[in-house]
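Below is model31.tsv, holding TSV, C-alpha atoms and all ligand atoms.
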```tsv
chain	number	residue	atom	x	y	z
A	8	MET	CA	17.56	-41.98	58.99
A	9	SER	CA	17.61	-45.16	56.98
A	10	ARG	CA	18.90	-45.36	53.45
A	11	GLN	CA	15.38	-46.24	52.23
A	12	SER	CA	13.75	-43.21	53.83
A	13	ILE	CA	16.43	-40.92	52.39
A	14	THR	CA	15.74	-42.34	48.92
A	15	TRP	CA	12.00	-41.88	49.44
A	16	SER	CA	12.45	-38.28	50.55
A	17	LEU	CA	14.59	-37.51	47.57
A	18	GLN	CA	12.00	-39.02	45.26
A	19	GLN	CA	9.29	-36.84	46.82
A	20	ILE	CA	11.40	-33.72	46.40
A	21	LEU	CA	12.04	-34.59	42.78
A	22	ARG	CA	8.32	-35.19	42.19
A	23	LEU	CA	7.43	-31.82	43.67
A	24	ALA	CA	10.09	-30.12	41.61
A	25	ARG	CA	8.69	-31.66	38.45
A	26	ALA	CA	5.04	-31.00	39.27
A	27	PRO	CA	4.78	-27.44	37.95
A	28	ARG	CA	6.45	-28.47	34.70
A	29	ARG	CA	4.01	-31.35	34.33
A	30	LEU	CA	1.11	-29.01	35.03
A	31	SER	CA	2.24	-26.43	32.53
A	32	TRP	CA	2.85	-29.18	29.98
A	33	ALA	CA	-0.72	-30.43	30.56
A	34	VAL	CA	-2.08	-26.91	30.19
A	35	ARG	CA	-0.05	-26.41	27.06
A	36	ARG	CA	-1.38	-29.68	25.62
A	37	ARG	CA	-4.94	-28.55	26.38
A	38	LEU	CA	-4.31	-25.20	24.73
A	39	ARG	CA	-2.83	-26.95	21.70
A	40	SER	CA	-5.93	-29.07	21.34
A	41	LEU	CA	-8.11	-25.93	21.30
A	42	ASP	CA	-6.31	-24.48	18.34
A	43	THR	CA	-6.82	-26.66	15.34
A	44	ARG	CA	-7.71	-24.14	12.67
A	45	PRO	CA	-5.27	-24.36	9.75
A	46	ILE	CA	-3.81	-21.22	8.22
A	47	ARG	CA	-2.95	-21.48	4.53
A	48	THR	CA	-1.06	-19.29	2.14
A	49	ASP	CA	-2.59	-18.54	-1.24
A	50	LYS	CA	-0.27	-21.28	-2.54
A	51	GLY	CA	-1.91	-23.87	-0.30
A	52	GLU	CA	0.96	-24.21	2.19
A	53	VAL	CA	-0.27	-24.86	5.75
A	54	LEU	CA	1.53	-22.45	8.03
A	55	ARG	CA	0.37	-23.17	11.51
A	56	THR	CA	-2.13	-25.55	13.04
A	57	SER	CA	-1.06	-25.85	16.64
A	58	ARG	CA	-0.44	-23.90	19.82
A	59	GLY	CA	1.06	-20.79	18.30
A	60	GLY	CA	-2.27	-19.82	16.77
A	61	LEU	CA	-4.09	-19.70	20.09
A	62	LYS	CA	-3.15	-16.15	20.93
A	63	ARG	CA	-4.15	-14.97	17.50
A	64	LEU	CA	-7.41	-16.87	17.66
A	65	GLN	CA	-8.23	-15.18	20.91
A	66	ALA	CA	-7.41	-11.81	19.40
A	67	ALA	CA	-9.42	-12.28	16.22
A	68	PRO	CA	-11.85	-15.18	16.48
A	69	ASP	CA	-13.50	-14.74	13.09
A	70	VAL	CA	-10.78	-13.61	10.75
A	71	LEU	CA	-7.06	-14.04	10.34
A	72	CYS	CA	-6.39	-10.30	10.28
A	73	ARG	CA	-8.72	-7.37	10.96
A	74	ALA	CA	-6.84	-4.77	8.95
A	75	PRO	CA	-9.20	-4.90	5.90
A	76	TRP	CA	-12.14	-4.10	8.17
A	77	VAL	CA	-10.63	-1.24	10.13
A	78	SER	CA	-7.73	0.41	8.30
A	79	LEU	CA	-6.53	2.15	5.13
A	80	ASP	CA	-2.88	2.79	4.33
A	81	PHE	CA	-1.88	5.60	1.93
A	82	ARG	CA	1.54	5.61	0.29
A	83	MET	CA	3.43	8.51	-1.24
A	84	ASP	CA	2.54	7.54	-4.82
A	85	GLY	CA	-1.18	7.46	-3.96
A	86	SER	CA	-1.50	3.68	-3.89
A	87	VAL	CA	-3.70	2.39	-1.10
A	88	GLY	CA	-3.60	-0.81	0.90
A	89	PHE	CA	-4.79	-1.87	4.33
A	90	CYS	CA	-1.65	-1.79	6.44
A	91	ASN	CA	1.88	-0.45	6.31
A	92	HIS	CA	3.40	-3.91	6.58
A	93	GLY	CA	1.57	-5.42	3.64
A	94	ALA	CA	1.93	-4.95	-0.10
A	95	TYR	CA	-1.67	-5.82	-0.99
A	96	LEU	CA	-3.08	-2.85	-2.94
A	97	ILE	CA	-6.74	-2.03	-3.50
A	98	GLY	CA	-6.40	1.04	-5.74
A	99	ASN	CA	-4.86	4.46	-6.08
A	100	ALA	CA	-6.18	7.57	-4.37
A	101	THR	CA	-5.25	9.72	-7.38
A	102	THR	CA	-7.70	7.86	-9.64
A	103	ASP	CA	-10.16	5.90	-7.46
A	104	SER	CA	-12.61	7.10	-4.84
A	105	LEU	CA	-12.13	5.87	-1.31
A	106	LEU	CA	-15.51	4.15	-1.33
A	107	GLU	CA	-14.73	2.37	-4.61
A	108	MET	CA	-11.52	1.06	-3.13
A	109	TRP	CA	-12.98	0.19	0.28
A	110	ARG	CA	-15.86	-1.77	-1.22
A	111	GLY	CA	-14.16	-2.85	-4.44
A	112	PRO	CA	-13.34	-6.38	-5.61
A	113	ARG	CA	-9.72	-6.30	-4.39
A	114	ALA	CA	-10.78	-5.35	-0.87
A	115	ARG	CA	-13.54	-7.98	-0.82
A	116	GLN	CA	-11.12	-10.61	-2.09
A	117	LEU	CA	-8.69	-10.08	0.81
A	118	ARG	CA	-11.52	-10.07	3.36
A	119	GLU	CA	-12.74	-13.37	1.98
A	120	MET	CA	-9.24	-14.82	2.23
A	121	PHE	CA	-8.90	-13.73	5.84
A	122	ARG	CA	-12.31	-15.21	6.65
A	123	ARG	CA	-11.06	-18.52	5.25
A	124	TYR	CA	-7.82	-18.14	7.26
A	125	GLU	CA	-5.80	-17.76	4.09
A	126	ILE	CA	-2.96	-15.29	3.74
A	127	PRO	CA	-1.44	-13.94	0.50
A	128	ASP	CA	2.15	-15.02	0.96
A	129	ALA	CA	3.92	-12.33	-1.03
A	130	ALA	CA	1.59	-9.42	-0.21
A	131	CYS	CA	1.52	-10.13	3.54
A	132	ALA	CA	5.11	-11.36	3.70
A	133	HIS	CA	5.79	-10.07	7.23
A	134	CYS	CA	2.85	-11.84	8.85
A	135	ALA	CA	3.26	-14.98	6.72
A	136	HIS	CA	6.89	-15.16	7.82
A	137	GLN	CA	5.98	-14.87	11.51
A	138	LEU	CA	3.32	-17.55	11.14
A	139	ARG	CA	5.78	-19.76	9.35
A	140	LEU	CA	8.11	-19.37	12.35
A	141	GLY	CA	5.23	-20.34	14.66
A	142	GLN	CA	5.04	-16.84	16.17
A	143	PRO	CA	1.51	-15.58	15.55
A	144	GLU	CA	1.85	-13.11	18.42
A	145	GLY	CA	4.67	-11.48	16.43
A	146	THR	CA	2.48	-10.73	13.43
A	147	PHE	CA	1.38	-7.18	12.75
A	148	ALA	CA	-2.12	-8.66	12.38
A	149	VAL	CA	-2.15	-9.43	16.11
A	150	SER	CA	0.11	-6.75	17.57
A	151	HIS	CA	-1.48	-3.85	15.68
A	152	PHE	CA	-4.93	-4.94	14.55
A	153	GLY	CA	-5.84	-7.65	17.07
A	154	SER	CA	-7.41	-5.22	19.54
A	155	TRP	CA	-9.64	-3.36	17.07
A	156	ASP	CA	-13.35	-4.21	17.29
A	157	MET	CA	-15.00	-5.50	14.15
A	158	GLN	CA	-18.04	-3.41	13.32
A	159	PRO	CA	-21.09	-5.64	13.51
A	160	ASP	CA	-23.16	-3.72	10.96
A	161	ARG	CA	-22.94	-4.43	7.21
A	162	GLY	CA	-20.26	-7.04	7.67
A	163	GLY	CA	-17.96	-4.57	9.36
A	164	GLU	CA	-17.21	-2.82	6.08
A	165	ALA	CA	-19.02	0.46	6.70
A	166	PHE	CA	-15.92	2.65	6.90
A	167	PRO	CA	-12.26	2.49	7.93
A	168	ARG	CA	-11.53	3.54	11.48
A	169	THR	CA	-7.85	4.29	11.21
A	170	LEU	CA	-5.91	5.91	8.35
A	171	ILE	CA	-2.18	5.44	7.91
A	172	PHE	CA	-0.25	8.00	5.86
A	173	ARG	CA	3.26	6.98	4.97
A	174	LEU	CA	5.81	9.73	4.94
A	175	THR	CA	9.11	9.32	3.23
A	176	ASN	CA	12.20	11.38	2.60
A	177	VAL	CA	12.24	10.32	-1.06
A	178	CYS	CA	11.47	13.38	-3.17
A	179	ASN	CA	9.92	13.54	-6.61
A	180	LEU	CA	13.20	14.33	-8.36
A	181	ARG	CA	15.41	11.87	-10.22
A	182	CYS	CA	19.16	11.59	-10.36
A	183	MET	CA	20.70	13.33	-13.41
A	184	MET	CA	23.33	10.62	-13.71
A	185	CYS	CA	21.44	7.34	-13.27
A	186	ASN	CA	17.74	8.33	-12.98
A	187	GLY	CA	17.64	6.74	-9.51
A	188	ALA	CA	15.33	7.87	-6.71
A	189	ILE	CA	16.64	10.78	-4.65
A	190	ARG	CA	16.01	11.23	-0.96
A	191	VAL	CA	16.65	14.00	1.50
A	192	VAL	CA	19.47	13.25	3.93
A	193	SER	CA	20.87	15.07	6.92
A	194	ARG	CA	24.22	16.84	6.92
A	195	SER	CA	25.76	14.21	9.19
A	196	ASP	CA	24.95	11.48	6.63
A	197	VAL	CA	27.08	13.07	3.92
A	198	GLU	CA	29.36	15.57	5.62
A	199	HIS	CA	32.46	13.44	5.17
A	200	ARG	CA	31.93	13.55	1.40
A	201	LEU	CA	31.30	17.27	0.96
A	202	PRO	CA	33.80	19.79	-0.42
A	203	PRO	CA	34.60	22.39	2.30
A	204	ARG	CA	32.71	25.19	0.57
A	205	ALA	CA	29.54	23.13	0.09
A	206	SER	CA	29.73	22.09	3.70
A	207	ARG	CA	30.11	25.71	4.78
A	208	GLU	CA	27.40	27.27	2.63
A	209	HIS	CA	24.64	24.66	2.43
A	210	ASP	CA	22.28	22.91	4.80
A	211	GLU	CA	20.08	20.82	2.49
A	212	PHE	CA	21.44	17.67	0.91
A	213	ARG	CA	20.03	14.87	-1.20
A	214	LEU	CA	21.41	11.45	-2.00
A	215	CYS	CA	20.75	9.21	-4.98
A	216	ASP	CA	19.91	5.66	-3.94
A	217	GLY	CA	21.05	4.41	-7.35
A	218	CYS	CA	24.59	5.77	-7.76
A	219	ASP	CA	25.17	7.27	-4.30
A	220	ARG	CA	25.73	10.77	-5.67
A	221	VAL	CA	25.24	13.68	-3.26
A	222	TYR	CA	23.35	16.79	-4.41
A	223	TRP	CA	23.07	20.29	-2.99
A	224	LYS	CA	21.88	23.61	-4.39
A	225	GLY	CA	25.24	24.89	-5.55
A	226	SER	CA	26.18	27.52	-8.14
A	227	HIS	CA	24.90	25.31	-10.99
A	228	TYR	CA	21.45	25.31	-9.41
A	229	ALA	CA	21.53	29.11	-8.97
A	230	ARG	CA	22.56	29.63	-12.64
A	231	LEU	CA	19.81	27.30	-13.90
A	232	ARG	CA	17.22	29.02	-11.77
A	233	ALA	CA	18.26	32.43	-13.10
A	234	LEU	CA	18.01	31.07	-16.66
A	235	VAL	CA	14.50	29.71	-16.07
A	236	GLN	CA	13.41	33.03	-14.58
A	237	ARG	CA	14.78	34.89	-17.60
A	238	LEU	CA	13.04	32.55	-20.08
A	239	PHE	CA	9.77	32.30	-18.18
A	240	PRO	CA	9.43	35.49	-16.15
A	241	ASP	CA	6.84	35.41	-13.40
A	242	PRO	CA	4.23	38.12	-14.30
A	243	SER	CA	3.64	38.85	-10.62
A	244	ASP	CA	7.29	40.02	-10.32
A	245	GLU	CA	6.69	42.88	-12.81
A	246	SER	CA	3.89	44.54	-10.83
B	301	LIG	S1	-1.92	-10.04	7.49
B	301	LIG	FE1	-0.33	-8.68	8.23
B	301	LIG	S2	0.54	-7.74	6.38
B	301	LIG	FE2	-1.46	-8.65	5.82
B	301	LIG	S3	-2.94	-6.96	6.04
B	301	LIG	FE3	-2.89	-8.08	8.00
B	301	LIG	S4	-1.38	-6.98	9.25
B	301	LIG	FE4	-1.07	-6.36	7.15
```
So, in terms of structure tokens, how does the structure I just supplied come out?
Ligand code: SF4
Amino acid sequence: MSRQSITWSLQQILRLARAPRRLSWAVRRRLRSLDTRPIRTDKGEVLRTSRGGLKRLQAAPDVLCRAPWVSLDFRMDGSVGFCNHGAYLIGNATTDSLLEMWRGPRARQLREMFRRYEIPDAACAHCAHQLRLGQPEGTFAVSHFGSWDMQPDRGGEAFPRTLIFRLTNVCNLRCMMCNGAIRVVSRSDVEHRLPPRASREHDEFRLCDGCDRVYWKGSHYARLRALVQRLFPDPSDES
């Protein structure tokens, strides 16, 4: 085999090896050209205009995120938003009716923003961050809400189709020492800090997020409870 034919053969092999890459690059360029819709934050920053948005566009062709059309998210304090990744609130279930919140000005405002492909940067921080990284497929808007159908009637606002209730181990008590929030913790979380007797006699423990103090229903709790019962006797106990 001549030197020339060896060189030619090698060139052909190299061409074939590069072909798939060239093809995928061409496909990628085509896909990029399809996706030209800018996404803006409420501060006017353009987050993503190129290929990364394609997947999201396919998932939700009309709006940036479908959550405000399909979902309601209830938090422990009664405040209500659209998803458990966002901080955008539309009211409070302890004071507002669901319909007022669902059709209220705050809800309509977010829907309008999503129709314009705008995202509230602080309230939807998770999704804005993913878009900023050029990873629209990593947003909760796509992974969780992208597959929900928009309801065609009345602008898709007739009623929510999924309800999210957030549970938390934070209880409604406050720390006696620092007034911090207290949450229920398991024995294994605090066992190394318990006196032997408390560890032996108790199974429920709470921890202050403010000062890191551990609580359990010890003798002080029992004495206080007896005092309250003496001062405010339960009439049903006398019968
Ligand atoms: S954009 Fe993201 S954070 Fe905002 S409502 Fe949609 S899913 Fe939730």
**OP:** Using only C-alpha atoms and all ligand atoms, find each residue with an atom at most 7 Å away from ligand LIG 301 (chain B) and format the answer as a ChimeraX atom specification.
**Re:** /A:72-75,89-93,126,130-134,146-148,152
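Closest approach to Tyr222 in chain A from the set A:Ser193, A:Gln137, A:Gln142, A:Thr175 is made by A:Ser193, with distances taken over all atoms listed in the file.
Counting all atoms listed in the file, the residue from A:Asp196, A:Ser86, A:Leu214, A:Val191 that sits nearest to Ser104 in chain A is A:Ser86.
The coordinates place CA of Ala233 in chain A at 24.4 Å from CA of Leu201 in chain A.
Proximity to His151 in chain A was assessed for A:Leu138, A:Val87, A:Cys185, A:Val77 counting only C-alpha atoms; the smallest distance is recorded for A:Val77.
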Original post:
Smallest atom-to-atom distance to Leu71 in chain A: which of A:Gly111, A:Pro167, A:Pro143, A:Gly187, using only C-alpha atoms?
Top reply: A:Pro143
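Residue nearest Arg200 in chain A, chosen from A:Arg123, A:Arg113, A:Arg168, A:Arg220 and counting only C-alpha atoms: A:Arg220.
Nearest residue to Arg122 in chain A, choosing from A:Arg139, A:Arg190, A:Arg47, A:Arg173 and counting all atoms listed in the file: A:Arg47.
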Subject >> Atomic separation - CA of Lys50 in chain A relative to CA of Asp84 in chain A, Å >> reply: 29.0 Å
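One finds CA of Cys215 in chain A at 7.9 Å from CA of Arg181 in chain A.
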Subject >> Within-6 Å shell of (-1.9, -16.8, 5.1) in input frame, all atoms listed in the file, as JSON, numbers by chain >> reply: {"A": [46, 47, 48, 125, 126, 127, 135]}
Original post:
Near Ser226 in chain A, within 12 Å and counting only C-alpha atoms, which residues show up once chain neighbours fewer than 4 positions away are dropped, as a PyMOL selection string?
Top reply: chain A and resi 204-205+208-209+222+230-233
**OP:** Show me as a count of residues only the residues that reach within 12 Å of (-11.8, 9.7, 0.5), counting all atoms listed in the file and using the file's own coordinates.
**Re:** 20
